[in-house]
Every structure is written in structure tokens, then in C-alpha cells.
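Engineer: Sending over my_file-v4.cif (mmCIF, C-alpha atoms).
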data_input
loop_
_atom_site.label_atom_id
_atom_site.label_comp_id
_atom_site.auth_asym_id
_atom_site.auth_seq_id
_atom_site.Cartn_x
_atom_site.Cartn_y
_atom_site.Cartn_z
CA MET A 1 -29.53 16.18 0.30
CA ARG A 2 -27.46 17.31 3.28
CA ALA A 3 -23.93 18.61 2.82
CA VAL A 4 -21.12 20.13 4.86
CA LEU A 5 -18.62 22.55 3.31
CA VAL A 6 -15.22 22.46 5.01
CA VAL A 7 -13.33 25.69 4.33
CA ASN A 8 -9.66 26.29 5.08
CA PRO A 9 -9.60 30.12 5.29
CA LYS A 10 -5.79 30.10 5.03
CA ALA A 11 -5.67 28.12 1.78
CA THR A 12 -3.51 29.77 -0.86
CA THR A 13 -6.09 30.66 -3.52
CA THR A 14 -9.28 31.09 -1.50
CA THR A 15 -10.88 34.54 -1.11
CA ASP A 16 -13.90 35.87 0.75
CA ARG A 17 -15.66 36.52 -2.55
CA GLY A 18 -14.93 33.03 -3.84
CA ARG A 19 -16.22 31.43 -0.67
CA ASP A 20 -19.43 33.46 -0.81
CA VAL A 21 -20.05 32.48 -4.44
CA LEU A 22 -19.41 28.81 -3.65
CA VAL A 23 -21.73 28.84 -0.63
CA ARG A 24 -24.57 30.42 -2.60
CA ALA A 25 -24.12 27.96 -5.47
CA LEU A 26 -24.12 24.93 -3.17
CA ARG A 27 -27.13 26.14 -1.22
CA SER A 28 -29.09 26.22 -4.46
CA GLU A 29 -28.65 22.42 -4.65
CA VAL A 30 -28.28 21.08 -1.10
CA ASP A 31 -29.07 21.73 2.56
CA LEU A 32 -25.68 23.19 3.47
CA VAL A 33 -23.72 23.74 6.69
CA VAL A 34 -20.45 25.71 6.42
CA GLU A 35 -17.55 24.91 8.76
CA TYR A 36 -14.24 26.83 8.93
CA THR A 37 -11.06 25.09 10.06
CA ARG A 38 -9.18 26.76 12.90
CA ARG A 39 -6.12 24.56 13.38
CA ARG A 40 -4.32 21.54 12.01
CA GLY A 41 -6.48 18.45 12.46
CA HIS A 42 -9.74 20.40 12.72
CA ALA A 43 -10.92 19.36 9.24
CA ALA A 44 -10.69 15.70 10.29
CA GLU A 45 -12.82 16.43 13.35
CA ILE A 46 -15.47 18.18 11.25
CA ALA A 47 -15.56 15.30 8.76
CA THR A 48 -15.82 12.69 11.52
CA ARG A 49 -18.78 14.52 13.03
CA ALA A 50 -20.43 14.89 9.61
CA ALA A 51 -20.08 11.16 8.97
CA GLY A 52 -21.60 10.40 12.37
CA GLU A 53 -24.56 12.63 11.53
CA ARG A 54 -25.05 10.77 8.23
CA VAL A 55 -24.48 13.78 6.02
CA ASP A 56 -24.65 12.87 2.32
CA VAL A 57 -21.72 14.88 0.97
CA VAL A 58 -18.71 16.67 2.45
CA VAL A 59 -17.23 19.38 0.21
CA THR A 60 -13.72 20.76 0.77
CA LEU A 61 -12.46 24.20 -0.19
CA GLY A 62 -8.76 24.14 0.46
CA GLY A 63 -5.60 22.38 -0.58
CA ASP A 64 -4.44 18.78 -0.51
CA GLY A 65 -3.78 18.90 3.22
CA THR A 66 -7.40 19.79 3.91
CA VAL A 67 -8.55 16.97 1.63
CA ASN A 68 -6.30 14.49 3.44
CA GLU A 69 -7.70 15.45 6.84
CA VAL A 70 -11.29 15.22 5.62
CA VAL A 71 -10.71 11.79 4.05
CA ASN A 72 -9.27 10.48 7.31
CA GLY A 73 -12.22 11.92 9.21
CA LEU A 74 -14.79 10.43 6.83
CA LEU A 75 -13.27 6.95 7.08
CA ALA A 76 -12.45 7.05 10.80
CA GLY A 77 -13.52 4.06 12.80
CA GLY A 78 -13.31 1.71 9.83
CA ARG A 79 -16.17 3.22 7.79
CA THR A 80 -16.46 1.91 4.26
CA ALA A 81 -17.27 3.90 1.14
CA ASP A 82 -20.91 2.84 1.52
CA GLU A 83 -21.07 4.02 5.14
CA ALA A 84 -19.23 7.34 4.77
CA PRO A 85 -20.44 10.53 3.08
CA ALA A 86 -19.23 11.15 -0.46
CA LEU A 87 -16.40 13.63 -0.97
CA ALA A 88 -16.46 16.61 -3.32
CA VAL A 89 -13.34 18.73 -3.82
CA VAL A 90 -13.21 22.38 -4.87
CA PRO A 91 -9.56 23.35 -5.53
CA GLY A 92 -8.34 26.10 -3.20
CA GLY A 93 -4.68 25.34 -2.56
CA SER A 94 -1.48 26.11 -4.41
CA THR A 95 -1.16 22.80 -6.28
CA ASN A 96 -4.40 20.78 -5.81
CA VAL A 97 -2.89 17.49 -6.98
CA PHE A 98 -5.81 15.33 -5.83
CA ALA A 99 -8.46 17.48 -7.50
CA ARG A 100 -6.50 17.58 -10.76
CA ALA A 101 -5.89 13.82 -10.63
CA LEU A 102 -9.68 13.42 -10.52
CA GLY A 103 -9.90 15.50 -13.69
CA LEU A 104 -11.29 18.64 -12.04
CA PRO A 105 -10.41 22.08 -13.44
CA ARG A 106 -7.67 24.08 -11.72
CA ASP A 107 -9.94 27.13 -11.36
CA TRP A 108 -12.18 27.01 -8.28
CA ALA A 109 -15.14 28.54 -10.14
CA GLU A 110 -15.00 25.94 -12.92
CA GLY A 111 -14.48 23.24 -10.32
CA THR A 112 -17.59 24.42 -8.51
CA GLY A 113 -19.56 24.07 -11.74
CA VAL A 114 -18.39 20.47 -12.16
CA ILE A 115 -19.36 19.65 -8.57
CA LEU A 116 -22.83 21.15 -9.02
CA GLU A 117 -23.37 19.07 -12.17
CA ALA A 118 -22.20 15.95 -10.34
CA LEU A 119 -24.63 16.66 -7.49
CA ARG A 120 -27.55 17.08 -9.90
CA ASP A 121 -26.65 13.94 -11.84
CA LYS A 122 -25.61 11.92 -8.75
CA ARG A 123 -22.34 11.21 -10.55
CA TYR A 124 -20.04 9.29 -8.21
CA ARG A 125 -16.87 7.27 -8.54
CA ARG A 126 -15.16 4.89 -6.12
CA ILE A 127 -11.41 5.24 -5.80
CA GLY A 128 -8.71 3.33 -4.02
CA LEU A 129 -6.59 4.94 -1.31
CA GLY A 130 -3.31 4.18 0.39
CA THR A 131 -2.61 3.92 4.09
CA ALA A 132 0.67 4.61 5.89
CA ASP A 133 0.67 3.10 9.39
CA GLY A 134 -3.13 3.24 9.22
CA ARG A 135 -3.45 6.87 8.05
CA PHE A 136 -5.07 7.35 4.66
CA PHE A 137 -3.43 9.25 1.83
CA THR A 138 -5.01 10.12 -1.49
CA PHE A 139 -2.16 10.54 -3.98
CA CYS A 140 1.35 10.30 -2.53
CA ALA A 141 3.72 9.69 0.33
CA GLY A 142 7.48 10.03 0.57
CA LEU A 143 10.37 9.04 2.81
CA GLY A 144 13.60 11.01 2.45
CA LEU A 145 14.43 13.84 0.07
CA ASP A 146 10.95 14.89 -1.09
CA ALA A 147 9.67 15.01 2.49
CA ALA A 148 12.71 17.05 3.55
CA VAL A 149 11.96 19.53 0.77
CA ILE A 150 8.35 19.85 1.95
CA ARG A 151 9.63 20.44 5.49
CA ARG A 152 11.76 23.31 4.20
CA VAL A 153 8.80 24.77 2.30
CA GLU A 154 6.54 24.61 5.36
CA ARG A 155 9.16 26.35 7.49
CA ALA A 156 9.47 29.07 4.86
CA ARG A 157 5.68 29.51 4.80
CA VAL A 158 5.64 30.00 8.56
CA LYS A 159 8.04 32.91 7.98
CA GLY A 160 5.69 34.45 5.41
CA SER A 161 6.72 32.92 2.08
CA THR A 162 4.11 31.78 -0.45
CA ALA A 163 4.08 28.18 -1.68
CA THR A 164 5.06 28.81 -5.30
CA PRO A 165 6.86 26.46 -7.74
CA GLY A 166 9.90 28.68 -7.30
CA LEU A 167 9.92 28.11 -3.54
CA TYR A 168 9.76 24.34 -4.02
CA LEU A 169 12.64 24.39 -6.53
CA LYS A 170 14.73 26.62 -4.27
CA SER A 171 14.06 24.30 -1.34
CA LEU A 172 14.94 21.25 -3.45
CA PHE A 173 18.32 22.66 -4.44
CA ALA A 174 19.09 23.73 -0.87
CA GLN A 175 18.16 20.34 0.56
CA PHE A 176 20.08 18.45 -2.09
CA LEU A 177 23.24 20.53 -1.77
CA VAL A 178 23.56 20.93 1.99
CA GLY A 179 20.75 19.13 3.78
CA SER A 180 20.96 15.49 2.70
CA ASP A 181 23.31 12.65 3.57
CA ARG A 182 23.71 11.50 -0.02
CA SER A 183 26.58 9.07 0.48
CA HIS A 184 24.90 6.52 2.77
CA PRO A 185 21.61 5.09 1.39
CA MET A 186 19.64 3.77 4.36
CA VAL A 187 16.13 2.80 3.22
CA THR A 188 14.93 -0.77 2.57
CA LEU A 189 11.64 -1.78 0.96
CA GLU A 190 10.33 -5.07 2.34
CA ARG A 191 7.51 -7.24 0.95
CA GLU A 192 6.27 -10.48 2.46
CA GLY A 193 7.58 -13.43 0.50
CA GLU A 194 9.75 -11.23 -1.74
CA SER A 195 13.39 -10.19 -1.64
CA GLY A 196 13.74 -6.66 -0.33
CA LYS A 197 14.96 -3.62 -2.22
CA THR A 198 17.89 -2.32 -0.20
CA ASN A 199 20.20 0.68 -0.11
CA LEU A 200 17.65 3.25 -1.22
CA ALA A 201 18.43 6.90 -0.62
CA MET A 202 14.77 7.92 -0.92
CA ALA A 203 11.38 6.47 -1.83
CA ILE A 204 8.28 8.03 -3.40
CA VAL A 205 4.95 6.20 -3.07
CA GLN A 206 2.02 7.01 -5.37
CA ASN A 207 -1.64 6.09 -5.21
CA THR A 208 -2.31 7.84 -8.52
CA ALA A 209 -0.51 9.88 -11.14
CA PRO A 210 0.85 12.48 -11.19
CA TRP A 211 2.98 12.79 -8.06
CA THR A 212 2.80 16.59 -8.18
CA TYR A 213 2.79 19.57 -10.54
CA ILE A 214 5.25 22.35 -11.21
CA GLY A 215 2.92 25.02 -12.52
CA GLY A 216 1.04 23.32 -15.31
CA ARG A 217 3.58 20.53 -15.83
CA ALA A 218 2.83 17.12 -14.30
CA VAL A 219 5.72 15.35 -12.54
CA ASN A 220 5.41 11.57 -12.80
CA PRO A 221 7.85 9.22 -11.04
CA ASN A 222 5.29 6.41 -11.51
CA PRO A 223 3.18 7.16 -14.62
CA LYS A 224 1.21 3.88 -14.31
CA ALA A 225 -0.08 4.72 -10.81
CA SER A 226 -3.87 4.82 -10.66
CA PHE A 227 -6.79 5.12 -8.25
CA ASP A 228 -7.90 1.76 -9.70
CA SER A 229 -4.74 -0.23 -8.89
CA GLY A 230 -2.39 -0.74 -5.95
CA LEU A 231 0.48 1.49 -4.85
CA ASP A 232 3.50 2.35 -7.00
CA VAL A 233 6.99 3.09 -5.72
CA MET A 234 10.02 4.83 -7.16
CA GLY A 235 13.30 4.73 -5.27
CA LEU A 236 16.82 5.93 -5.94
CA HIS A 237 19.88 3.95 -4.83
CA ALA A 238 22.08 7.02 -4.64
CA LEU A 239 21.69 10.79 -4.74
CA THR A 240 24.86 11.45 -6.69
CA THR A 241 24.76 14.66 -8.68
CA PRO A 242 24.79 12.99 -12.15
CA ALA A 243 22.12 10.42 -11.22
CA THR A 244 19.89 13.01 -9.57
CA VAL A 245 20.17 15.49 -12.43
CA ARG A 246 19.40 12.73 -14.96
CA THR A 247 16.38 11.53 -12.95
CA ALA A 248 15.10 15.08 -12.50
CA GLY A 249 15.26 15.59 -16.27
CA GLN A 250 13.36 12.36 -16.87
CA LEU A 251 10.72 13.41 -14.35
CA LEU A 252 10.20 16.80 -15.95
CA PHE A 253 10.48 15.89 -19.62
CA GLY A 254 10.10 12.11 -19.97
CA GLY A 255 6.67 10.59 -20.47
CA ASP A 256 7.64 7.04 -19.41
CA GLY A 257 9.02 7.91 -15.98
CA PRO A 258 12.59 7.69 -14.69
CA HIS A 259 14.89 4.77 -15.50
CA GLY A 260 18.53 3.79 -15.10
CA LYS A 261 20.74 1.71 -12.84
CA GLN A 262 20.12 3.95 -9.83
CA VAL A 263 16.31 3.81 -10.21
CA VAL A 264 13.96 1.25 -8.67
CA THR A 265 10.29 1.20 -9.74
CA LEU A 266 7.52 -1.13 -8.54
CA HIS A 267 3.90 -1.18 -9.75
CA ASP A 268 0.57 -2.21 -8.22
CA LEU A 269 1.71 -3.24 -4.73
CA GLY A 270 -0.83 -4.31 -2.13
CA GLU A 271 1.34 -4.07 0.97
CA PHE A 272 4.96 -3.29 1.85
CA THR A 273 7.13 -1.63 4.49
CA LEU A 274 9.82 1.04 4.20
CA LYS A 275 12.51 0.86 6.87
CA SER A 276 15.43 3.16 7.53
CA GLU A 277 18.59 2.83 9.60
CA ARG A 278 17.77 6.16 11.21
CA PRO A 279 14.74 8.51 11.25
CA GLN A 280 13.95 10.05 7.87
CA PRO A 281 11.62 12.95 6.95
CA PHE A 282 8.18 11.66 5.99
CA GLN A 283 5.31 13.28 4.07
CA LEU A 284 1.72 12.38 3.19
CA ASP A 285 -0.19 14.15 0.41
CA GLY A 286 2.32 16.98 0.41
CA ASP A 287 2.26 17.62 4.18
CA TYR A 288 5.31 17.00 6.35
CA VAL A 289 4.31 14.71 9.22
CA GLY A 290 7.59 14.14 11.07
CA GLU A 291 10.40 11.59 10.95
CA ARG A 292 10.01 7.83 10.68
CA GLU A 293 12.28 4.78 10.87
CA SER A 294 9.58 2.39 9.60
CA VAL A 295 6.29 2.88 7.73
CA LYS A 296 3.88 0.12 6.69
CA PHE A 297 1.90 0.83 3.50
CA ARG A 298 -1.30 -0.80 2.29
CA SER A 299 -3.53 -0.26 -0.73
CA ILE A 300 -7.28 -0.09 0.04
CA PRO A 301 -9.34 -0.61 -3.15
CA GLY A 302 -12.63 1.28 -3.54
CA ALA A 303 -12.16 2.98 -0.18
CA LEU A 304 -13.81 6.33 -0.97
CA LYS A 305 -16.77 7.63 -2.94
CA VAL A 306 -16.12 10.93 -4.73
CA LEU A 307 -18.14 13.28 -6.91
CA THR A 308 -16.50 13.78 -10.27
#
Take the structure in the file and give it back as C-alpha cells.
Structural biologist:
Amino acid sequence: MRAVLVVNPKATTTTDRGRDVLVRALRSEVDLVVEYTRRRGHAAEIATRAAGERVDVVVTLGGDGTVNEVVNGLLAGGRTADEAPALAVVPGGSTNVFARALGLPRDWAEGTGVILEALRDKRYRRIGLGTADGRFFTFCAGLGLDAAVIRRVERARVKGSTATPGLYLKSLFAQFLVGSDRSHPMVTLEREGESGKTNLAMAIVQNTAPWTYIGGRAVNPNPKASFDSGLDVMGLHALTTPATVRTAGQLLFGGDGPHGKQVVTLHDLGEFTLKSERPQPFQLDGDYVGERESVKFRSIPGALKVLT
């Protein structure tokens, strides 16, 4: 079996020792090539080349951003799950939402053990993915507040900060208090043949649950979201302080997800479009990707084969 290991050397929890242990363990099971990413977008290039060379498995050691790039590289050119290499994920980032949603351990060493067992047993699973204007995402996307928070976090990381739960909470409070236009909801969700959901201040799209983690606590705007169904959406009509505080409490401590007159939730959607009156911050799988006025979403069932 031929495999490529894609390593993000800047990932939060990766170390030289950990990488060496992982490489030795994988080489005991497969014919392995190790590739190190050097810039944003490089992981997608490596994965595209691996798929073209008919490699059997691509393994990632990095965070959710590395996984997202690799997935888009594997499926580039319209490849199906049968045509693309399988994906194996070893958690190496600060949050590792996708790996944890697959049921993998948070610790990279334990995760490596699970991957090795899956390789020996040829244990695969097909999962659905989402697309946003044709780009794949594995677990979430967001237009508005959550993307603006991620933008703040990424700017702080450029200045040397570490992506900790505390940094995300600090960025959330700063964005909510001074960075958001909370009085003029501008986002509309449109579905063909259905009446639109209008006057949304923000929208979170999930391909699976949870949306993210704060430390060990799962945060679940759409608890029913699943790799085996379509896309789920949670929107807020207004970002007033009482409504936002109430929704935040429901997200952190409520098992059934947020609810109330300001909350809009939709389950198992196949296709829809989010439109805004002016450009809004936009994120995919926890990476800020710029501002958008319109994004078309689609659910792609069984798009990817993963080891789990």
C-alpha cells in the first residue's frame, strides 16, 4: 500500500519527536512518502499530485485547515470517493474538530494507533461533505460573526499569539462589542421553491456536529448535523446583547441546541444560498477566507473515503 504523509510543520501541537514517531510507525505498515507544507495552499497541491499518482492513502498531520486543503486536493477535478485516495487524519492542530467528529482521540499518539489499526483492517467509511461555491468543507462554514472572530484570531496569531480557547473568547467579546454592525441584519437564506429566511445577522452552516470545541466542551448550534445527512444551518435574526447571551448559554450548556424567537434552525438541506446586502466575513473549516456577498452551498453525499 502506498501512502503520502502531509505534515504542517507549523501546526500547534506537532513536534519533531512526534513527527519522527509517526513516520516510523506508518513506514512499518505502508510504503510512505513524507511531504512538508511550505505555504498556504501547498497541502492541496500535494494531495492533488498524490491522487494523480494513484496513491492509496493520504495522511495529514496538522489542524483542520490542513485537512481542508488536502480534501480539496484529493477531490480536485471532480474525483469521486472511489477515484480518490482515502484520507487518514492524525490530530496536530489546536482544536482538531474534524478528527474528533470522526471519533478519533485528541492525542496524536493515540490517533496514530487508531490509524494503524484501520490500515491493517482496511477499515474505511464514506462521509458526506459540503461545498461553498464549489470548495469542499468537512465540518463547518460561517458568514458573519463567527468568521469575523476567526479573522481576529488569525491576525493575533500572525503577531505571535497562540490559538487557545482564551484567545477565541477574547476575540469573540471584542468583535461583538466593537466590531459588528448588530443593528442591521443583512443576510438572507434562499432555497429553490421555498420562502427565504430573511434579516439574519449571521449564519452557521454545519456538515457534522459539533461546530467546534472550547477545550473539551463541544459547541453545537446544530446537534442533528451529521456526515450522513445534508447541511444544517443556524441563524440569528439579531445580535442584541440579551439574545446573544442567551444563545451563547444554550450553545455551551444546552444539549438540544439554541432556540428562541431570534433563532432560525434548518436541518438536512441539499442546496441553498446565503446572500448579504454587503460583503461579510466568511470562514470554511475554521479558516478565514475573505469577504462574500453571496455563497452557494451544496451537500455532497458519500464524497470522501476516510480511515476510522
Engineer: Could you list, as an mmCIF file with C-alpha atoms, in the frame of the given file, every residue matched by the PyMOL selection byres ((chain A and resi 243) around 12) in this structure?
Structural biologist:
data_model
loop_
_atom_site.group_PDB
_atom_site.id
_atom_site.type_symbol
_atom_site.label_atom_id
_atom_site.label_comp_id
_atom_site.auth_asym_id
_atom_site.auth_seq_id
_atom_site.Cartn_x
_atom_site.Cartn_y
_atom_site.Cartn_z
ATOM 1 C CA ARG A 182 23.710 11.500 -0.020
ATOM 2 C CA ALA A 201 18.430 6.900 -0.620
ATOM 3 C CA LEU A 236 16.820 5.930 -5.940
ATOM 4 C CA HIS A 237 19.880 3.950 -4.830
ATOM 5 C CA ALA A 238 22.080 7.020 -4.640
ATOM 6 C CA LEU A 239 21.690 10.790 -4.740
ATOM 7 C CA THR A 240 24.860 11.450 -6.690
ATOM 8 C CA THR A 241 24.760 14.660 -8.680
ATOM 9 C CA PRO A 242 24.790 12.990 -12.150
ATOM 10 C CA THR A 244 19.890 13.010 -9.570
ATOM 11 C CA VAL A 245 20.170 15.490 -12.430
ATOM 12 C CA ARG A 246 19.400 12.730 -14.960
ATOM 13 C CA THR A 247 16.380 11.530 -12.950
ATOM 14 C CA ALA A 248 15.100 15.080 -12.500
ATOM 15 C CA GLY A 249 15.260 15.590 -16.270
ATOM 16 C CA GLN A 250 13.360 12.360 -16.870
ATOM 17 C CA PRO A 258 12.590 7.690 -14.690
ATOM 18 C CA HIS A 259 14.890 4.770 -15.500
ATOM 19 C CA GLY A 260 18.530 3.790 -15.100
ATOM 20 C CA LYS A 261 20.740 1.710 -12.840
ATOM 21 C CA GLN A 262 20.120 3.950 -9.830
ATOM 22 C CA VAL A 263 16.310 3.810 -10.210
#
Engineer: Taking into account all atoms listed in the file, which residue in the set A:Tyr213, A:Arg19, A:Tyr124, A:Ala118 is nearest to A:Tyr168?
Structural biologist: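 Checking each candidate against A:Tyr168, we get A:Tyr213 as the closest.
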Engineer: Enumerate, as a PyMOL selection string, the residues matched when the PyMOL selection byres ((chain A and resi 225-228) around 6) is run on the file above.
Structural biologist: chain A and resi 127-128+207-209+222-224+229+232
Engineer: Using only C-alpha atoms, pick whichever of A:Asp82, A:Thr12, A:Met1, A:Leu304 has the shortest atom-to-atom distance to A:Asp56.
Structural biologist: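 So, comparing all the options, the nearest one is A:Met1.
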Engineer: Rounded to one decimal in Å, what is the spacing between atom CA of A:Thr265 and atom CA of A:Glu192?
Structural biologist: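 We find that atom CA of A:Thr265 and atom CA of A:Glu192 lie 17.4 Å from each other.
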Engineer: I would like the residues chosen by the PyMOL selection byres ((chain A and resi 116) around 10) on the shown file; could you give them as a PyMOL selection string?
Structural biologist: chain A and resi 22+25-26+28-30+88+110-115+117-122+307-308
Engineer: Nearest to A:Asp285 among A:Arg152, A:Arg135, A:Arg217, A:Lys197, with distances taken over all atoms listed in the file: which residue is it?
Structural biologist: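 Of the candidates, the smallest distance to A:Asp285 is held by A:Arg135.
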Engineer: I'd like the contact shell of A:Leu169 - 12 Å cut-off, all atoms listed in the file, skipping same-chain residues fewer than 4 positions apart - returned as a PyMOL selection string.
Structural biologist: chain A and resi 146+149-150+152-153+163-165+173-176+213-215+248
Engineer: Can you spit out the residues from that selection as a compact mmCIF listing (two decimals), keeping the file's coordinate frame, using C-alpha atoms?
Structural biologist:
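Final output, saved to selection_19.txt:
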# COMPACT_ATOMS: atom_id res chain seq x y z
CA ASP A 146 10.95 14.89 -1.09
CA VAL A 149 11.96 19.53 0.77
CA ILE A 150 8.35 19.85 1.95
CA ARG A 152 11.76 23.31 4.20
CA VAL A 153 8.80 24.77 2.30
CA ALA A 163 4.08 28.18 -1.68
CA THR A 164 5.06 28.81 -5.30
CA PRO A 165 6.86 26.46 -7.74
CA PHE A 173 18.32 22.66 -4.44
CA ALA A 174 19.09 23.73 -0.87
CA GLN A 175 18.16 20.34 0.56
CA PHE A 176 20.08 18.45 -2.09
CA TYR A 213 2.79 19.57 -10.54
CA ILE A 214 5.25 22.35 -11.21
CA GLY A 215 2.92 25.02 -12.52
CA ALA A 248 15.10 15.08 -12.50
Engineer: Need the shell around A:Pro210: protein/DNA/RNA residues with any atom at most 7 Å away, counting only C-alpha atoms. Skip same-chain ones fewer than 6 positions apart. Format as a PyMOL selection string?
Structural biologist: chain A and resi 101+218-220+223
Engineer: For the selection you just gave me, I'd like the residues written to a file as a CSV table (one decimal), in the frame of the given file, keeping C-alpha atoms.
Structural biologist:
chain,number,residue,atom,x,y,z
A,101,ALA,CA,-5.9,13.8,-10.6
A,218,ALA,CA,2.8,17.1,-14.3
A,219,VAL,CA,5.7,15.4,-12.5
A,220,ASN,CA,5.4,11.6,-12.8
A,223,PRO,CA,3.2,7.2,-14.6
Engineer: From the list A:Ala109, A:Leu284, A:Met202, A:Gly166, which residue is nearest A:Glu69 when using all atoms listed in the file?
Structural biologist: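 Checking each of A:Ala109, A:Leu284, A:Met202, A:Gly166 against A:Glu69, counting all atoms listed in the file, the winner is A:Leu284.
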Engineer: Using all atoms listed in the file for the distances, tell me which of A:Lys296, A:Arg79, A:Arg17, A:Arg155 is nearest to A:Arg54.
Structural biologist: A:Arg79
Engineer: Ranking A:Gly235, A:Pro9, A:Gly41, A:Gly63 by minimum distance to A:Leu200 and counting all atoms listed in the file, which one comes first?
Structural biologist: A:Gly235
Engineer: Which distance in Å separates atom CA of A:Leu104 and atom CA of A:Gly92, to one decimal?
Structural biologist: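 Between atom CA of A:Leu104 and atom CA of A:Gly92 the gap works out to 11.9 Å.
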Engineer: In Å to one decimal, how far is atom CA of A:Phe139 from atom CA of A:Glu190?
Structural biologist: 21.0 Å
Engineer: Skipping near chain neighbours, those fewer than 5 positions away, what residues fall within 10 Å of A:Glu291 using only C-alpha atoms, listed as a list in words?
Structural biologist: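 Counting only C-alpha atoms, the residues come to Leu143, Gly144, Ala147, Ala148, Arg278, Pro279, Gln280, Pro281, Phe282 and Gln283 of chain A.
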Engineer: Could stretch 59-75 of chain A be completed with N, CA, C and O atoms and returned as an mmCIF file, in the coordinates of the input?
Structural biologist:
data_model
loop_
_atom_site.group_PDB
_atom_site.id
_atom_site.type_symbol
_atom_site.label_atom_id
_atom_site.label_comp_id
_atom_site.auth_asym_id
_atom_site.auth_seq_id
_atom_site.Cartn_x
_atom_site.Cartn_y
_atom_site.Cartn_z
ATOM 1 N N VAL A 59 -17.939 18.624 1.241
ATOM 2 C CA VAL A 59 -17.230 19.380 0.210
ATOM 3 C C VAL A 59 -16.045 20.079 0.864
ATOM 4 O O VAL A 59 -16.195 20.666 1.942
ATOM 5 N N THR A 60 -14.883 20.039 0.239
ATOM 6 C CA THR A 60 -13.720 20.760 0.770
ATOM 7 C C THR A 60 -13.396 21.947 -0.130
ATOM 8 O O THR A 60 -13.468 21.853 -1.353
ATOM 9 N N LEU A 61 -13.048 23.051 0.495
ATOM 10 C CA LEU A 61 -12.460 24.200 -0.190
ATOM 11 C C LEU A 61 -11.134 24.480 0.501
ATOM 12 O O LEU A 61 -11.080 25.060 1.586
ATOM 13 N N GLY A 62 -10.083 24.023 -0.120
ATOM 14 C CA GLY A 62 -8.760 24.140 0.460
ATOM 15 C C GLY A 62 -7.776 23.377 -0.398
ATOM 16 O O GLY A 62 -8.082 23.009 -1.534
ATOM 17 N N GLY A 63 -6.621 23.097 0.160
ATOM 18 C CA GLY A 63 -5.600 22.380 -0.580
ATOM 19 C C GLY A 63 -5.602 20.889 -0.275
ATOM 20 O O GLY A 63 -6.528 20.356 0.349
ATOM 21 N N ASP A 64 -4.524 20.220 -0.685
ATOM 22 C CA ASP A 64 -4.440 18.780 -0.510
ATOM 23 C C ASP A 64 -4.372 18.374 0.957
ATOM 24 O O ASP A 64 -4.844 17.287 1.320
ATOM 25 N N GLY A 65 -3.816 19.218 1.805
ATOM 26 C CA GLY A 65 -3.780 18.900 3.220
ATOM 27 C C GLY A 65 -5.162 18.862 3.836
ATOM 28 O O GLY A 65 -5.467 17.984 4.665
ATOM 29 N N THR A 66 -6.015 19.794 3.434
ATOM 30 C CA THR A 66 -7.400 19.790 3.910
ATOM 31 C C THR A 66 -8.124 18.545 3.439
ATOM 32 O O THR A 66 -8.856 17.897 4.200
ATOM 33 N N VAL A 67 -7.922 18.175 2.177
ATOM 34 C CA VAL A 67 -8.550 16.970 1.630
ATOM 35 C C VAL A 67 -8.105 15.743 2.427
ATOM 36 O O VAL A 67 -8.921 14.894 2.804
ATOM 37 N N ASN A 68 -6.815 15.638 2.712
ATOM 38 C CA ASN A 68 -6.300 14.490 3.440
ATOM 39 C C ASN A 68 -6.957 14.367 4.816
ATOM 40 O O ASN A 68 -7.365 13.279 5.231
ATOM 41 N N GLU A 69 -7.060 15.478 5.521
ATOM 42 C CA GLU A 69 -7.700 15.450 6.840
ATOM 43 C C GLU A 69 -9.155 15.009 6.738
ATOM 44 O O GLU A 69 -9.628 14.188 7.540
ATOM 45 N N VAL A 70 -9.870 15.556 5.770
ATOM 46 C CA VAL A 70 -11.290 15.220 5.620
ATOM 47 C C VAL A 70 -11.457 13.740 5.296
ATOM 48 O O VAL A 70 -12.328 13.055 5.854
ATOM 49 N N VAL A 71 -10.631 13.214 4.396
ATOM 50 C CA VAL A 71 -10.710 11.790 4.050
ATOM 51 C C VAL A 71 -10.509 10.929 5.291
ATOM 52 O O VAL A 71 -11.253 9.960 5.536
ATOM 53 N N ASN A 72 -9.515 11.263 6.105
ATOM 54 C CA ASN A 72 -9.270 10.480 7.310
ATOM 55 C C ASN A 72 -10.414 10.613 8.314
ATOM 56 O O ASN A 72 -10.735 9.648 9.026
ATOM 57 N N GLY A 73 -11.064 11.769 8.354
ATOM 58 C CA GLY A 73 -12.220 11.920 9.210
ATOM 59 C C GLY A 73 -13.417 11.124 8.712
ATOM 60 O O GLY A 73 -14.130 10.478 9.492
ATOM 61 N N LEU A 74 -13.653 11.152 7.403
ATOM 62 C CA LEU A 74 -14.790 10.430 6.830
ATOM 63 C C LEU A 74 -14.682 8.926 7.075
ATOM 64 O O LEU A 74 -15.693 8.252 7.318
ATOM 65 N N LEU A 75 -13.464 8.399 6.993
ATOM 66 C CA LEU A 75 -13.270 6.950 7.080
ATOM 67 C C LEU A 75 -12.808 6.504 8.464
ATOM 68 O O LEU A 75 -12.437 5.335 8.651
#
